[in-house]
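Source file: protein.cif; contents: mmCIF, C-alpha atoms and all ligand atoms.
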```cif
data_entry
loop_
_atom_site.label_atom_id
_atom_site.label_comp_id
_atom_site.auth_asym_id
_atom_site.auth_seq_id
_atom_site.Cartn_x
_atom_site.Cartn_y
_atom_site.Cartn_z
CA MET A 34 12.96 0.90 -7.18
CA LYS A 35 12.41 3.90 -4.86
CA ILE A 36 9.04 5.58 -5.33
CA VAL A 37 8.24 8.83 -3.57
CA VAL A 38 4.58 9.61 -2.95
CA ILE A 39 3.77 13.15 -1.82
CA GLY A 40 0.10 13.36 -0.92
CA SER A 41 -2.82 13.11 1.45
CA SER A 42 -3.72 10.67 4.17
CA ASN A 43 -7.22 10.53 5.60
CA MET A 44 -9.03 8.50 8.21
CA ASP A 45 -12.39 7.42 6.77
CA LEU A 46 -15.12 7.13 9.40
CA ILE A 47 -17.98 5.26 7.77
CA SER A 48 -21.46 4.91 9.22
CA VAL A 49 -23.96 2.74 7.37
CA ALA A 50 -27.63 3.07 8.37
CA GLU A 51 -31.10 2.39 6.95
CA ARG A 52 -31.46 6.04 6.01
CA MET A 53 -29.66 9.40 6.22
CA PRO A 54 -30.43 11.63 9.20
CA ARG A 55 -32.13 14.92 8.33
CA PRO A 56 -30.60 18.14 9.75
CA GLY A 57 -31.15 18.12 13.54
CA GLU A 58 -32.16 14.47 13.57
CA THR A 59 -30.39 11.45 15.11
CA VAL A 60 -30.61 8.07 13.44
CA GLY A 61 -29.58 5.10 15.58
CA ASN A 62 -28.71 1.52 14.61
CA ALA A 63 -25.87 2.47 12.27
CA ARG A 64 -22.99 0.11 11.62
CA PHE A 65 -19.58 1.79 11.97
CA MET A 66 -16.31 1.13 10.15
CA GLN A 67 -13.02 2.92 10.18
CA ALA A 68 -10.57 2.72 7.27
CA PHE A 69 -7.33 4.30 6.15
CA GLY A 70 -7.85 6.44 3.05
CA GLY A 71 -6.74 9.56 1.23
CA LYS A 72 -5.43 9.35 -2.32
CA GLY A 73 -1.77 9.78 -1.36
CA ALA A 74 -1.88 7.03 1.24
CA ASN A 75 -3.92 4.71 -1.01
CA GLN A 76 -1.42 5.06 -3.85
CA ALA A 77 1.54 4.64 -1.48
CA VAL A 78 0.10 1.43 -0.01
CA ALA A 79 -0.66 0.14 -3.52
CA ALA A 80 2.89 0.83 -4.72
CA ALA A 81 4.35 -0.80 -1.60
CA ARG A 82 2.22 -3.97 -1.83
CA LEU A 83 3.10 -4.21 -5.52
CA GLY A 84 6.83 -4.22 -4.90
CA GLY A 85 7.92 -0.56 -4.76
CA GLU A 86 10.28 0.81 -2.09
CA VAL A 87 7.93 3.58 -1.07
CA VAL A 88 8.71 6.80 0.78
CA LEU A 89 5.50 8.55 1.81
CA VAL A 90 5.55 12.30 2.38
CA ALA A 91 2.29 13.27 4.10
CA ALA A 92 1.21 15.48 6.98
CA LEU A 93 -0.58 13.90 9.95
CA GLY A 94 -2.05 15.43 13.08
CA ASP A 95 -0.65 14.78 16.55
CA ASP A 96 -3.65 12.60 17.41
CA LEU A 97 -4.95 9.02 17.53
CA SER A 98 -5.54 8.81 13.76
CA GLY A 99 -2.08 10.14 13.00
CA ARG A 100 -0.42 7.64 15.33
CA ALA A 101 -2.48 4.76 13.92
CA MET A 102 -1.46 5.77 10.39
CA ARG A 103 2.25 5.84 11.20
CA GLU A 104 2.00 2.28 12.54
CA HIS A 105 -0.08 1.17 9.58
CA PHE A 106 2.34 2.60 6.99
CA ALA A 107 5.33 1.04 8.76
CA ALA A 108 3.54 -2.33 8.80
CA GLU A 109 3.05 -1.96 5.03
CA GLY A 110 6.81 -1.57 4.64
CA ILE A 111 6.57 2.12 3.75
CA ASP A 112 9.41 4.47 4.75
CA THR A 113 7.78 6.78 7.32
CA SER A 114 10.82 8.96 8.01
CA ARG A 115 9.47 11.81 5.85
CA LEU A 116 6.02 11.99 7.46
CA VAL A 117 5.34 15.42 8.92
CA THR A 118 3.45 15.93 12.20
CA ASP A 119 1.30 19.05 12.38
CA PRO A 120 0.64 19.87 16.05
CA GLU A 121 -2.09 22.36 15.19
CA ASN A 122 -4.43 20.50 12.87
CA ALA A 123 -6.22 17.18 13.12
CA THR A 124 -5.32 14.31 10.81
CA GLY A 125 -7.39 14.51 7.62
CA THR A 126 -10.76 12.91 8.22
CA ALA A 127 -13.66 11.96 5.98
CA LEU A 128 -17.06 11.49 7.65
CA ILE A 129 -19.03 9.19 5.40
CA LEU A 130 -22.73 8.43 5.85
CA VAL A 131 -24.15 5.62 3.75
CA ASP A 132 -27.81 4.60 3.52
CA ALA A 133 -29.43 1.28 2.57
CA ALA A 134 -29.51 2.29 -1.11
CA ALA A 135 -25.71 2.83 -0.95
CA GLU A 136 -26.24 6.57 -1.45
CA ASN A 137 -23.59 8.52 0.46
CA ALA A 138 -23.03 11.95 1.99
CA ILE A 139 -19.43 12.84 2.76
CA SER A 140 -17.87 15.65 4.76
CA VAL A 141 -14.09 15.90 4.35
CA ALA A 142 -11.94 17.78 6.86
CA PRO A 143 -8.51 18.04 5.15
CA GLY A 144 -6.85 19.19 8.39
CA ALA A 145 -3.14 18.43 8.39
CA ASN A 146 -3.13 17.61 4.64
CA PHE A 147 -3.34 21.33 3.90
CA SER A 148 -0.25 22.04 5.99
CA LEU A 149 1.93 19.85 3.74
CA THR A 150 3.76 22.88 2.35
CA PRO A 151 7.21 22.75 0.70
CA GLU A 152 8.59 24.36 3.87
CA ALA A 153 7.08 21.60 6.05
CA ILE A 154 8.62 18.92 3.84
CA GLY A 155 12.12 20.41 3.93
CA SER A 156 14.71 19.52 1.29
CA LEU A 157 12.85 18.10 -1.72
CA ASP A 158 16.21 17.25 -3.27
CA GLU A 159 16.97 14.96 -0.33
CA VAL A 160 13.53 13.37 -0.43
CA LEU A 161 13.78 12.73 -4.18
CA ALA A 162 17.40 11.60 -4.39
CA GLY A 163 17.69 8.27 -6.20
CA ALA A 164 13.94 7.94 -6.82
CA GLY A 165 12.61 6.18 -9.92
CA MET A 166 9.27 7.99 -9.78
CA LEU A 167 7.49 10.82 -7.94
CA VAL A 168 3.75 10.25 -7.54
CA MET A 169 1.32 13.05 -6.60
CA GLN A 170 -2.40 13.83 -6.53
CA ALA A 171 -4.33 17.02 -5.75
CA GLU A 172 -5.44 16.68 -2.12
CA ILE A 173 -2.51 18.76 -0.79
CA PRO A 174 -1.58 22.41 -1.46
CA TYR A 175 -1.14 23.05 -5.19
CA ARG A 176 2.09 24.97 -4.49
CA THR A 177 3.63 21.80 -3.02
CA VAL A 178 2.71 19.77 -6.10
CA ARG A 179 4.32 22.38 -8.36
CA GLU A 180 7.53 22.74 -6.40
CA ALA A 181 7.97 19.00 -5.98
CA ALA A 182 7.36 18.44 -9.70
CA PHE A 183 9.93 21.08 -10.64
CA ALA A 184 12.49 19.62 -8.23
CA ALA A 185 11.89 16.13 -9.65
CA ARG A 186 12.27 17.39 -13.21
CA ARG A 187 15.55 19.08 -12.30
CA LEU A 188 16.82 15.84 -10.75
CA GLY A 189 15.67 13.68 -13.66
CA VAL A 190 13.03 11.87 -11.56
CA PRO A 191 9.89 11.14 -13.66
CA VAL A 192 6.65 12.62 -12.32
CA LEU A 193 3.32 10.75 -12.32
CA LEU A 194 0.54 13.24 -11.61
CA ASN A 195 -3.01 12.15 -10.90
CA PRO A 196 -4.85 15.49 -10.63
CA ALA A 197 -7.66 14.18 -8.43
CA PRO A 198 -10.02 15.60 -7.34
CA ALA A 199 -10.23 17.26 -10.74
CA CYS A 200 -8.38 20.55 -10.83
CA ARG A 201 -6.90 22.95 -13.34
CA ILE A 202 -3.17 22.58 -13.97
CA ASP A 203 -1.01 25.45 -15.14
CA ALA A 204 1.22 25.11 -18.23
CA GLU A 205 4.48 25.07 -16.29
CA LEU A 206 3.35 22.17 -14.09
CA MET A 207 1.94 20.26 -17.08
CA ALA A 208 5.31 20.54 -18.81
CA ALA A 209 7.02 18.94 -15.79
CA VAL A 210 4.78 15.86 -15.88
CA ASP A 211 5.89 12.58 -17.44
CA ILE A 212 2.72 10.56 -16.89
CA LEU A 213 -0.61 12.33 -16.45
CA VAL A 214 -3.26 9.87 -15.23
CA VAL A 215 -6.86 11.09 -15.36
CA ASN A 216 -10.24 9.44 -15.15
CA GLN A 217 -13.04 10.65 -17.43
CA THR A 218 -14.22 13.38 -15.03
CA GLU A 219 -10.71 14.74 -14.61
CA ALA A 220 -10.05 14.52 -18.36
CA ALA A 221 -13.19 16.56 -19.04
CA CYS A 222 -12.42 19.13 -16.37
CA ILE A 223 -8.83 19.73 -17.44
CA SER A 224 -9.21 19.52 -21.22
CA GLY A 225 -12.59 21.25 -21.37
CA LEU A 226 -13.76 18.38 -23.62
CA SER A 227 -16.07 15.67 -22.29
CA PRO A 228 -14.98 12.12 -23.24
CA ASP A 229 -18.70 11.29 -23.54
CA GLU A 230 -19.20 13.77 -26.35
CA ASN A 231 -15.79 13.83 -28.04
CA PRO A 232 -13.47 11.16 -29.44
CA LEU A 233 -10.98 10.02 -26.81
CA GLU A 234 -8.04 10.80 -29.13
CA GLU A 235 -9.17 14.39 -29.22
CA VAL A 236 -9.61 14.71 -25.45
CA ALA A 237 -6.26 13.03 -24.72
CA GLY A 238 -4.66 14.97 -27.60
CA ARG A 239 -5.69 18.25 -26.04
CA LEU A 240 -4.11 17.13 -22.73
CA LEU A 241 -0.91 15.95 -24.46
CA ALA A 242 -0.61 19.30 -26.22
CA ASP A 243 -0.43 20.91 -22.77
CA GLY A 244 2.99 19.33 -22.24
CA PRO A 245 3.06 15.99 -20.38
CA ARG A 246 5.09 13.22 -22.07
CA ASN A 247 2.29 10.65 -21.63
CA VAL A 248 -1.45 10.93 -21.06
CA VAL A 249 -3.32 7.96 -19.56
CA VAL A 250 -7.11 8.14 -19.40
CA THR A 251 -8.77 5.51 -17.22
CA LEU A 252 -12.22 4.44 -18.39
CA GLY A 253 -13.56 2.32 -15.52
CA SER A 254 -14.77 -1.07 -16.75
CA ARG A 255 -13.82 -0.01 -20.30
CA GLY A 256 -10.11 -0.05 -19.46
CA SER A 257 -7.49 2.58 -20.12
CA TYR A 258 -6.01 4.58 -22.99
CA LEU A 259 -2.44 5.85 -23.45
CA LEU A 260 -1.40 8.65 -25.77
CA ASN A 261 2.17 9.87 -26.32
CA ALA A 262 4.39 11.04 -29.15
CA ALA A 263 4.87 7.43 -30.32
CA GLY A 264 1.13 6.84 -30.74
CA SER A 265 -1.87 5.55 -28.84
CA LEU A 266 -2.76 2.32 -27.16
CA THR A 267 -5.99 0.97 -25.63
CA VAL A 268 -5.84 -1.62 -22.87
CA PRO A 269 -9.18 -3.29 -22.10
CA ALA A 270 -10.17 -3.81 -18.48
CA PHE A 271 -10.12 -7.35 -17.10
CA ARG A 272 -13.59 -8.83 -16.75
CA VAL A 273 -14.27 -9.26 -13.07
CA LYS A 274 -17.26 -9.13 -10.75
CA ALA A 275 -17.01 -5.62 -9.31
CA VAL A 276 -18.33 -5.15 -5.76
CA ASP A 277 -16.71 -1.84 -4.77
CA THR A 278 -14.83 0.44 -7.17
CA THR A 279 -13.60 2.79 -4.41
CA ALA A 280 -9.94 3.61 -5.03
CA ALA A 281 -9.72 1.74 -8.37
CA GLY A 282 -7.97 4.78 -9.78
CA ASP A 283 -5.59 4.95 -6.80
CA VAL A 284 -4.60 1.31 -7.20
CA PHE A 285 -4.11 1.89 -10.92
CA CYS A 286 -1.77 4.86 -10.25
CA GLY A 287 0.24 3.09 -7.55
CA ALA A 288 0.66 0.04 -9.78
CA LEU A 289 1.56 2.10 -12.84
CA ALA A 290 4.22 3.93 -10.83
CA VAL A 291 5.84 0.62 -9.86
CA ALA A 292 5.65 -0.76 -13.41
CA ALA A 293 6.93 2.42 -15.08
CA ALA A 294 9.66 3.41 -12.59
CA GLY A 295 13.01 3.12 -14.31
CA ALA A 296 11.39 1.81 -17.49
CA GLU A 297 9.49 3.03 -20.54
CA LEU A 298 5.73 3.32 -20.15
CA SER A 299 4.59 0.21 -22.04
CA ALA A 300 1.50 -1.85 -22.76
CA GLU A 301 2.87 -4.28 -20.13
CA ALA A 302 2.86 -1.53 -17.49
CA LEU A 303 -0.74 -0.63 -18.30
CA ARG A 304 -1.72 -4.30 -18.17
CA PHE A 305 -0.11 -4.64 -14.74
CA ALA A 306 -2.01 -1.57 -13.48
CA SER A 307 -5.27 -2.86 -14.99
CA ALA A 308 -4.82 -6.24 -13.29
CA ALA A 309 -4.09 -4.67 -9.89
CA SER A 310 -7.12 -2.36 -10.11
CA ALA A 311 -9.36 -5.15 -11.44
CA ILE A 312 -8.53 -7.28 -8.39
CA SER A 313 -9.19 -4.31 -6.09
CA VAL A 314 -12.72 -3.75 -7.42
CA THR A 315 -13.64 -7.34 -6.53
CA ARG A 316 -13.03 -6.51 -2.84
CA GLN A 317 -14.59 -4.08 -0.38
CA GLY A 318 -12.87 -0.92 0.81
CA ALA A 319 -9.96 1.19 -0.35
CA GLN A 320 -6.69 0.07 1.22
CA PRO A 321 -7.96 -3.37 2.32
CA SER A 322 -8.78 -4.15 -1.34
CA ILE A 323 -5.25 -3.58 -2.69
CA PRO A 324 -3.60 -6.80 -3.91
CA THR A 325 0.01 -7.89 -3.44
CA ARG A 326 2.46 -8.33 -6.30
CA ALA A 327 2.15 -12.13 -6.04
CA GLU A 328 -1.64 -11.87 -6.39
CA VAL A 329 -1.32 -9.68 -9.49
CA GLU A 330 1.24 -11.99 -11.08
CA GLU A 331 -1.00 -14.98 -10.48
CA PHE A 332 -3.99 -13.10 -11.89
CA LEU A 333 -2.00 -12.15 -15.01
CA THR A 334 -0.97 -15.73 -15.72
CA LYS A 335 -4.57 -16.92 -15.33
CA ASN A 336 -6.14 -14.15 -17.44
P1 LIG B 1 -11.44 6.21 -10.78
O1 LIG B 1 -11.50 5.23 -9.66
O2 LIG B 1 -10.38 7.25 -10.60
O3 LIG B 1 -12.75 6.79 -11.19
P2 LIG B 1 -11.64 4.37 -13.04
O4 LIG B 1 -13.03 4.11 -12.63
O5 LIG B 1 -11.39 4.84 -14.44
O6 LIG B 1 -10.88 5.39 -12.06
O7 LIG B 1 -10.82 3.00 -12.80
C1 LIG B 1 -9.42 2.92 -12.91
C2 LIG B 1 -9.03 1.61 -13.54
O8 LIG B 1 -9.50 0.55 -12.70
C3 LIG B 1 -9.63 1.34 -14.91
O9 LIG B 1 -8.82 1.87 -15.94
C4 LIG B 1 -9.68 -0.20 -14.95
O10 LIG B 1 -8.42 -0.72 -15.36
C5 LIG B 1 -9.93 -0.56 -13.48
N1 LIG B 1 -11.36 -0.77 -13.23
C6 LIG B 1 -12.25 0.11 -12.76
N2 LIG B 1 -13.51 -0.43 -12.70
C7 LIG B 1 -13.39 -1.69 -13.15
C8 LIG B 1 -14.31 -2.78 -13.34
N3 LIG B 1 -15.61 -2.66 -13.06
N4 LIG B 1 -13.80 -3.94 -13.82
C9 LIG B 1 -12.48 -4.10 -14.10
N5 LIG B 1 -11.58 -3.12 -13.95
C10 LIG B 1 -12.01 -1.92 -13.48
#
```
Give the structure from this file in structure tokens form.
Amino acid sequence: MKIVVIGSSNMDLISVAERMPRPGETVGNARFMQAFGGKGANQAVAAARLGGEVVLVAALGDDLSGRAMREHFAAEGIDTSRLVTDPENATGTALILVDAAAENAISVAPGANFSLTPEAIGSLDEVLAGAGMLVMQAEIPYRTVREAAFAARRLGVPVLLNPAPACRIDAELMAAVDILVVNQTEAACISGLSPDENPLEEVAGRLLADGPRNVVVTLGSRGSYLLNAAGSLTVPAFRVKAVDTTAAGDVFCGALAVAAAGAELSAEALRFASAASAISVTRQGAQPSIPTRAEVEEFLTKN
């Protein structure tokens, strides 16, 4: 099933050292790693590894990172024909400093991600034709998310929106969403009710009243919760030894998109997404940690 992801792509430059440098100071002896990231790209890679026919719409700079990403996406089997090259801005980059206590300091330069306007994308109708799901996050211009959601709604393509990083969503956009996926921070920010202090049904109920057909709240190691007109459903997380929860939510969204495209959102779909994200937290990194469909199927038969 064709899945269109419209979102961000970042190059993560990670430097791990004994301690953080103070302003004006240089700390040597760091260990350096480079990794593909950005919520849009993470979710696209997850959906592709899990069996979706993925078209990624993202803006990259005309630079080394951008060229490396194109090759990487193609190697993942992602359709790269809708990638946009921005000659004026660098590819989105996150500079990540990590110290021995795993504390981090991150500077994100969105660069080309912010030039992913509806005009840069071109015909949304062409991009979305025949798709079983449109997947978006909030690391690109808000206007693009709105217009793409409205186009998808008009064409009968379901919209999965993961409003991360947490942002406010207007009523018209909310009403165009089929599956709203939020973690606890995003749920609190958008509903105005903290899941720590209020019953989950109330928090999710407030979000559902805003107009999406389904609300999914992810709860880390406590699993996930679905609320829609038919009722609610809690899916526990799989018990695994977590080593790095980076991108757990992205893997969950990419997997849910594959499982729910062209089908009803079911307990089975949530279980599939939970299994994929559970496997990912047992491995280091964002995109390197994403399992294949075969790995998830094997995990599901064993657990
Ligand atoms: P985010 O990464 O956006 O903060 P969560 O932390 O809620 O999102 O994680 C998303 C999903 O990943 C959860 O609903 C759960 O299914 C899975 N997950 C996250 N952490 C763990 C964990 N420690 N063990 C097993 N599954 C996990």
Given 7 Å and all atoms listed in the file, residues near ligand LIG 1 (chain B) as a list in words: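 Residues satisfying the distance criterion: Asn216, Gln217, Thr251, Leu252, Gly253, Ser254, Arg255, Gly256, Ser257, Ala270, Phe271, Arg272, Val273, Lys274, Ala275, Thr278, Thr279, Ala280, Ala281, Gly282, Asp283, Phe285, Ala306, Ser307, Ala308, Ser310, Ala311 and Val314 of chain A.
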Given all atoms listed in the file as the counted atoms, nearest of A:Arg100, A:Arg82, A:Arg246, A:Lys72 to Thr118 (chain A): A:Arg100
Coordinates-based distance that separates CA of Pro198 (chain A) from CA of Val141 (chain A) (Å, one decimal): 12.4 Å
Long-range neighbours of Ser140 (chain A) as a VMD selection string, 7 Å cut-off, all atoms listed in the file, 6 positions minimum in chain: chain A and resid 127 to 129
Option closest in space to Gly99 (chain A), from A:Glu51, A:Asp203, A:Glu230, A:Asp119 [counting all atoms listed in the file]: A:Asp119
All residues 8 Å or closer to Ala63 (chain A), only C-alpha atoms, same chain fewer than 6 positions away omitted, as a PyMOL selection string: chain A and resi 48-51
May I have the residues from that selection written out with C-alpha atoms, as a PDB file, in the frame of the given file?
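Written file, out17.pdb:
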```
ATOM      1  CA  SER A  48     -21.460   4.910   9.220  1.00  0.00           C
ATOM      2  CA  VAL A  49     -23.960   2.740   7.370  1.00  0.00           C
ATOM      3  CA  ALA A  50     -27.630   3.070   8.370  1.00  0.00           C
ATOM      4  CA  GLU A  51     -31.100   2.390   6.950  1.00  0.00           C
TER       5      GLU A  51
END
```
Proximity to Ala81 (chain A) - best of A:Leu46, A:Leu93, A:Val38, A:Leu240, all atoms listed in the file: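 Among the listed residues, the smallest separation from Ala81 (chain A) belongs to A:Val38.
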Selected residue, from A:Glu152, A:Glu297, A:Asp243, A:Glu234, that lies nearest to Gly165 (chain A) when counting only C-alpha atoms: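 Looking only at the distances to Gly165 (chain A), the closest residue turns out to be A:Glu297.
Straight-line separation from CA of Met34 (chain A) to CA of Leu167 (chain A): 11.4 Å.
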Pairwise distance for CA of Ala138 (chain A) and CA of Pro54 (chain A), rounded to one decimal in Å: 10.3 Å
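By chain and then residue number, the residues within 8 Å of Met166 (chain A) are Lys35, Ile36, Val37, Ala164, Val168, Val190, Pro191, Val192, Leu193, Ala290, Ala294 and Gly295 of chain A, counting all atoms listed in the file and disregarding those fewer than 2 positions away in sequence.
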